Structure formats: structure tokens, C-alpha cells
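Accompanying notes for the structure given below.
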Amino acid sequence: MTSQRHHPHQLLGRSDQELAWFQRRSLMQAAALWIASGGWTAAHAQARSNIVELRGDVLRNGEPLTAQHTITANDRIETGPGSTAVFTVGNSAFMVRQNSRVALESETPTAARVLRVLSGAVASVWGKGTDRQIVLPTATAGIRGTGVYAEVFPEQGMRGYFCNCYGTVDLAAGNESMVSQSSYHQAFWAEPAPRNGRLLTPAGAINHTDDELEFLAGLVNQRTAWQVTGRKGTKDGSGGQATGAAYGPPGSKD
């Protein structure tokens with residue numbers, strides 16, 4: 001397979017501008033300051049806020065959220081139109097897209113155990129650990145250190161979308177279950193009703209980019225699978241890295 005520098009992403013109800021959130025100068029400046037001030041290590045020690053950037057109207061437990069607040073592993077986050085929230089909890093990093101509702105759950109406020117995506121979309125990178133889940137209305141994913149993109153489509157009967165961008169995931173919907181092992185974007189639809197007799201069906205890689213996952217991984221001192229191996233695959237949702245495709249230099253687009 002020949003070297004491939006560009007890996008086009010598909011859009012479904014999202015815009016290129018929305019997916020380019022990590023390129024904003026204000027975010028890059030905020031992230032640089034956040035890292036220079038101790039980053040996730042200081043945030044985990046509760047020596048500073050774990051919020052990297054807020055944009056627009058964001059609520060925490062129904063109240064306006066500011067950059068001076070701290071998001072705990074038992075908070076509900078809601079974003080309005082044109083709003084985003086980028087933050088870390090423990091050794092995990094999250095980016096909540098606009099028009100989204102999510103809830104974090106855990107026995108301890110500094111280490112997220114469950115992420116519930118009630119509506120909208122979240123990109124997240126999780127450090128290694130056990131007994132952690134991402135829950136959609138139509139599916140549950142057990143994760144053990146991975147990069148993930150999840151989205152819920154209310155206009156499609158709460159149809160869920162789940163991409164195991166890299167890592168190992170135990171995915172379940174209804175009485176169906178499977179293990180997803182991915183090094184480069186393995187994606188599924190979690191159907192609200194059986195489609196061709198199945199609740200978990202193959203999907204393409206939609207509405208998220210490699211650059212987003214790389215940015216989030218960097219916030220918690222991690223690297224994506226393709227950064228580690230130096231290789232990407234074909235971004236078609238199948239989950240495999242290419243045998244001979246070299247990963248482009250820093251700054252190349254997927």
C-alpha cells in the first residue's frame with residue numbers, strides 16, 4: 001500500500017469548521033498555558049482547574065460553567081449552539097461538541113468511571129484502567145485505555161454511533177456483544193431497532209479527525225496508536241492500520 005498523507009473524514013450533520021476546533025489560536029494559547037501551569041498532573045492533584053477551554057454557553061449541573069471551575073467525575077455537562085468544552089478528569093481528556101448533554105459518574109470525583117452520552121457528541125481519550133464504560137442510549141462500551149468518538153442522533157430515534165479510534169472495547173447492544181480491537185478507527189452504528197437482524201452494524205468514520213484525538217491525547221501525556229507506530233490505515237471504519245503507509249509528519253491532516 002502506498003504512503004497516504006491525507007485521510008478525508010466524512011461529515012454527517014457536522015461542519016468542517018466544527019471539527020477544526022483544535023486549530024483555534026485561542027485554544028492553542030489556552031492549552032499551552034494550561035500545560036505550562038502543570039497540565040493534567042496539577043489538575044489531578046486539584047492544584048488548578050481541569051478545564052482547558054470553554055467556548056460559548058456551557059452548563060454544569062444546570063448552572064453556568066466558567067474556566068475557574070473544576071469538573072468532577074460526577075458532573076453533568078450541557079453545551080449550547082456554537083459551544084464546546086475541553087477538559088480532563090484524572091488521566092482522561094474530553095471534548096464535548098455543541099448541542100450535547102453528557103454525564104460523568106464515578107465513586108471518586110477525580111477519576112471518571114462512566115461517561116453517559118445522552119445527546120450530541122464527545123471525543124475522548126482514556127488512560128489505562130479497568131471497569132470503565134461509555135454508555136449511549138442504544139449501546140454500552142467497556143473500555144480499557146483507548147481513544148473514542150461517540151455520538152447520539154435524536155432525530156434518528158436516538159441512534160448511536162461509536163468509533164473505537166484505537167484500543168480494545170467490549171461493545172454491547174441488547175443481547176448482542178462483541179470485542180472491538182482497533183489500531184485505526186473501527187466504527188459501529190448502535191441501532192434503536194434491529195437492522196437486517198442486527199443492533200450493532202458496521203459504520204464509516206464520521207464527524208471526527210485524527211488531529212482531535214492527537215490533541216486530546218497530548219493533554220494527558222499520551223499518544224495515539226498511529227503516533228506510536230508511525231502508521232495510519234484507510235479511514236473507512238474497519239479499524240486496521242496499513243501495512244506500509246507511513247504516518248505523515250506533525251501537522252499533516254488526516
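Simple scheme: letters A, B, ... for chains in C-alpha cells order, numbers from 1 for residues in each chain, numbers from 1 for ligands in the order shown.
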
Worksheet entry | DSSP strand (DSSP E or B) residues within segment 32-228 of chain A, as a PyMOL selection string | chain A and resi 51-55+58-60+63-64+76-79+84-89+92-96+101-105+114-126+132-136+139-143+146-153+159-173+176-182+184-195+198-202+206

Excluding Ser183 of chain A and its own-chain neighbours fewer than 2 positions away, which residues fall within 9 Å of it when counting only C-alpha atoms? Please give them as a short mmCIF file (atom, residue, chain, number, x, y, z; two decimals) with all heavy atoms, in the first residue's frame.
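Output below, filename out12.cif:
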```
data_model
loop_
_atom_site.label_atom_id
_atom_site.label_comp_id
_atom_site.auth_asym_id
_atom_site.auth_seq_id
_atom_site.Cartn_x
_atom_site.Cartn_y
_atom_site.Cartn_z
N ASN A 164 -14.25 3.19 17.90
CA ASN A 164 -13.07 2.81 18.68
C ASN A 164 -11.87 3.25 17.86
O ASN A 164 -11.38 2.52 17.00
CB ASN A 164 -13.07 1.29 18.92
CG ASN A 164 -11.81 0.82 19.63
OD1 ASN A 164 -11.06 1.62 20.17
ND2 ASN A 164 -11.60 -0.49 19.62
N CYS A 165 -11.40 4.45 18.13
CA CYS A 165 -10.33 5.02 17.31
C CYS A 165 -9.03 4.25 17.48
O CYS A 165 -8.25 4.12 16.55
CB CYS A 165 -10.14 6.49 17.65
SG CYS A 165 -11.66 7.46 17.47
N TYR A 166 -8.80 3.76 18.67
CA TYR A 166 -7.69 2.82 18.93
C TYR A 166 -7.90 2.21 20.31
O TYR A 166 -8.45 2.85 21.21
CB TYR A 166 -6.32 3.49 18.82
CG TYR A 166 -6.10 4.63 19.79
CD1 TYR A 166 -5.54 4.42 21.05
CD2 TYR A 166 -6.45 5.93 19.44
CE1 TYR A 166 -5.34 5.47 21.93
CE2 TYR A 166 -6.25 6.99 20.32
CZ TYR A 166 -5.69 6.75 21.55
OH TYR A 166 -5.50 7.80 22.43
N GLY A 167 -7.49 0.95 20.46
CA GLY A 167 -7.62 0.29 21.75
C GLY A 167 -8.54 -0.92 21.67
O GLY A 167 -8.87 -1.40 20.59
N THR A 168 -8.94 -1.41 22.84
CA THR A 168 -9.82 -2.58 22.95
C THR A 168 -11.09 -2.17 23.67
O THR A 168 -11.04 -1.55 24.73
CB THR A 168 -9.13 -3.71 23.72
OG1 THR A 168 -7.93 -4.09 23.04
CG2 THR A 168 -10.05 -4.93 23.82
N GLN A 181 -11.14 -4.55 18.57
CA GLN A 181 -9.73 -4.26 18.72
C GLN A 181 -9.28 -3.44 17.53
O GLN A 181 -9.30 -3.92 16.40
CB GLN A 181 -8.92 -5.55 18.85
CG GLN A 181 -9.21 -6.33 20.13
CD GLN A 181 -8.35 -7.57 20.27
OE1 GLN A 181 -8.19 -8.32 19.32
NE2 GLN A 181 -7.83 -7.79 21.46
N HIS A 185 -9.47 3.44 13.96
CA HIS A 185 -10.87 3.75 13.70
C HIS A 185 -11.71 2.55 13.25
O HIS A 185 -11.87 2.29 12.07
CB HIS A 185 -10.99 4.87 12.65
CG HIS A 185 -10.29 6.14 13.03
ND1 HIS A 185 -10.76 6.99 14.01
CD2 HIS A 185 -9.15 6.70 12.56
CE1 HIS A 185 -9.93 8.02 14.12
NE2 HIS A 185 -8.94 7.86 13.26
N GLN A 186 -12.24 1.82 14.23
CA GLN A 186 -13.25 0.81 13.94
C GLN A 186 -14.57 1.33 14.46
O GLN A 186 -14.72 1.60 15.65
CB GLN A 186 -12.90 -0.53 14.60
CG GLN A 186 -13.84 -1.66 14.17
CD GLN A 186 -13.36 -3.00 14.64
OE1 GLN A 186 -13.23 -3.22 15.84
NE2 GLN A 186 -13.08 -3.91 13.71
N THR A 224 -1.57 8.61 20.45
CA THR A 224 -2.49 7.69 19.78
C THR A 224 -1.72 6.49 19.24
O THR A 224 -0.48 6.51 19.15
CB THR A 224 -3.21 8.40 18.62
OG1 THR A 224 -2.23 8.72 17.60
CG2 THR A 224 -3.90 9.67 19.08
N ALA A 225 -2.46 5.46 18.84
CA ALA A 225 -1.82 4.25 18.31
C ALA A 225 -1.00 4.57 17.07
O ALA A 225 0.09 4.03 16.87
CB ALA A 225 -2.88 3.19 18.01
N TRP A 226 -1.54 5.43 16.20
CA TRP A 226 -0.80 5.73 14.97
C TRP A 226 0.42 6.62 15.21
O TRP A 226 1.38 6.59 14.46
CB TRP A 226 -1.72 6.32 13.91
CG TRP A 226 -2.51 7.52 14.34
CD1 TRP A 226 -2.13 8.83 14.26
CD2 TRP A 226 -3.82 7.52 14.91
NE1 TRP A 226 -3.12 9.65 14.75
CE2 TRP A 226 -4.18 8.88 15.15
CE3 TRP A 226 -4.74 6.52 15.24
CZ2 TRP A 226 -5.40 9.26 15.70
CZ3 TRP A 226 -5.95 6.90 15.79
CH2 TRP A 226 -6.28 8.23 16.02
N LYS A 232 -0.72 4.92 9.73
CA LYS A 232 -2.17 5.03 9.70
C LYS A 232 -2.72 3.98 8.75
O LYS A 232 -1.96 3.30 8.04
CB LYS A 232 -2.61 6.42 9.24
CG LYS A 232 -2.28 7.55 10.21
CD LYS A 232 -2.87 8.87 9.74
CE LYS A 232 -2.62 9.99 10.73
NZ LYS A 232 -3.24 11.26 10.30
N GLY A 233 -4.03 3.86 8.73
CA GLY A 233 -4.69 2.98 7.79
C GLY A 233 -5.60 3.77 6.88
O GLY A 233 -5.47 4.98 6.74
N GLY A 239 -10.87 -0.32 11.13
CA GLY A 239 -10.09 -0.43 12.35
C GLY A 239 -8.64 -0.82 12.23
O GLY A 239 -7.94 -0.89 13.23
N GLY A 240 -8.14 -1.07 11.01
CA GLY A 240 -6.77 -1.55 10.86
C GLY A 240 -5.81 -0.51 10.33
O GLY A 240 -6.20 0.37 9.56
N GLN A 241 -4.55 -0.62 10.77
CA GLN A 241 -3.51 0.23 10.22
C GLN A 241 -2.98 -0.38 8.94
O GLN A 241 -2.97 -1.60 8.77
CB GLN A 241 -2.37 0.41 11.23
CG GLN A 241 -2.75 1.27 12.42
CD GLN A 241 -1.60 1.45 13.39
OE1 GLN A 241 -0.70 0.61 13.43
NE2 GLN A 241 -1.63 2.50 14.17
#
```

Discussion item. I'd like to know which of A:Thr110, A:Pro64, A:Gly13, A:Asn74 is closest to Asn50 of chain A, using only C-alpha atoms.
Written reply: A:Thr110

Each residue of segment 161-245 of chain A with at least one atom at most 10 Å from segment 27-48 of chain A should appear once, together with its nearest atom pair and the corresponding distance in Å (one decimal); atoms considered: only C-alpha atoms; ordering: chain, then increasing residue number; output as a tab-separated table.
```
residue	atom	partner	partner_atom	distance
A:Phe215	CA	A:Ala31	CA	9.6
A:Gly218	CA	A:Ile35	CA	9.7
A:Leu219	CA	A:Trp40	CA	6.8
A:Val220	CA	A:Trp40	CA	5.8
A:Asn221	CA	A:Trp40	CA	8.3
```

Given the selection you just returned, output its residues as a file containing N, CA, C and O atoms, formatted as an mmCIF file, in the first residue's frame.
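Output contents, as saved in part.cif:
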```cif
data_model
loop_
_atom_site.group_PDB
_atom_site.id
_atom_site.type_symbol
_atom_site.label_atom_id
_atom_site.label_comp_id
_atom_site.auth_asym_id
_atom_site.auth_seq_id
_atom_site.Cartn_x
_atom_site.Cartn_y
_atom_site.Cartn_z
ATOM 1 N N PHE A 215 -4.693 15.740 19.785
ATOM 2 C CA PHE A 215 -4.703 16.888 20.695
ATOM 3 C C PHE A 215 -5.118 16.449 22.089
ATOM 4 O O PHE A 215 -4.467 16.793 23.084
ATOM 5 N N GLY A 218 -2.496 14.373 23.841
ATOM 6 C CA GLY A 218 -1.394 15.195 24.308
ATOM 7 C C GLY A 218 -1.691 15.896 25.622
ATOM 8 O O GLY A 218 -0.776 16.160 26.412
ATOM 9 N N LEU A 219 -2.960 16.205 25.870
ATOM 10 C CA LEU A 219 -3.325 16.874 27.120
ATOM 11 C C LEU A 219 -3.046 16.011 28.349
ATOM 12 O O LEU A 219 -2.821 16.532 29.441
ATOM 13 N N VAL A 220 -3.078 14.690 28.171
ATOM 14 C CA VAL A 220 -2.852 13.781 29.302
ATOM 15 C C VAL A 220 -1.591 12.944 29.080
ATOM 16 O O VAL A 220 -1.489 11.801 29.532
ATOM 17 N N ASN A 221 -0.631 13.541 28.387
ATOM 18 C CA ASN A 221 0.684 12.923 28.187
ATOM 19 C C ASN A 221 0.602 11.541 27.549
ATOM 20 O O ASN A 221 1.332 10.623 27.946
#
```

Discussion item. Can you tell me which residues surround Arg76 of chain A at a distance of at most 8 Å, considering only C-alpha atoms, apart from same-chain residues fewer than 3 positions away, and format the answer as number ranges by chain?
Written reply: A: 59-62, 101-104

Worksheet item: Got a sec: who's within 9 Å of Val179 of chain A, counting only C-alpha atoms, leaving out chain neighbours fewer than 3 positions off, as a PyMOL selection string?
Response: chain A and resi 168-172

Worksheet entry | Close residues, Ile77 of chain A itself excluded, 12 Å, only C-alpha atoms, min 3 positions apart in chain, as a VMD selection string | chain A and resid 54 57 to 66 70 to 74 80 83 to 87 94 to 105 115 to 122

Taking the chain letters and numbering used in this document, name the residues of segment 57-219 of chain A that DSSP puts in helix (DSSP H, G or I), as a PDB file with C-alpha atoms, in the first residue's frame.
```
ATOM      1  CA  PRO A 154     -32.005  12.168  18.476  1.00  0.00           C
ATOM      2  CA  GLU A 155     -33.575  12.811  15.073  1.00  0.00           C
ATOM      3  CA  GLN A 156     -32.888   9.162  14.184  1.00  0.00           C
ATOM      4  CA  ASP A 210      -7.125  12.184  13.855  1.00  0.00           C
ATOM      5  CA  ASP A 211      -5.953  15.646  14.896  1.00  0.00           C
ATOM      6  CA  GLU A 212      -8.687  15.870  17.540  1.00  0.00           C
ATOM      7  CA  LEU A 213      -7.620  12.586  19.123  1.00  0.00           C
ATOM      8  CA  GLU A 214      -3.949  13.566  18.992  1.00  0.00           C
ATOM      9  CA  PHE A 215      -4.703  16.888  20.695  1.00  0.00           C
ATOM     10  CA  LEU A 216      -6.690  15.222  23.479  1.00  0.00           C
ATOM     11  CA  ALA A 217      -4.056  12.518  23.970  1.00  0.00           C
ATOM     12  CA  GLY A 218      -1.394  15.195  24.308  1.00  0.00           C
ATOM     13  CA  LEU A 219      -3.325  16.874  27.120  1.00  0.00           C
TER      14      LEU A 219
END
```

Worksheet item: When distances are computed from only C-alpha atoms, which of A:Asn196, A:His69, A:Val228, A:His208 shows the smallest separation from Asp16 of chain A?
Response: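 With only C-alpha atoms as the atom set, the closest residue is A:His208.
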
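Using only C-alpha atoms, the residues found no farther than 7 Å from Ala187 of chain A, other than those of its own chain fewer than 3 positions away, are Phe162, Cys163, Asn164, Pro202, Ala203, Gly204, Ala205, Gly237 and Ser238 of chain A.
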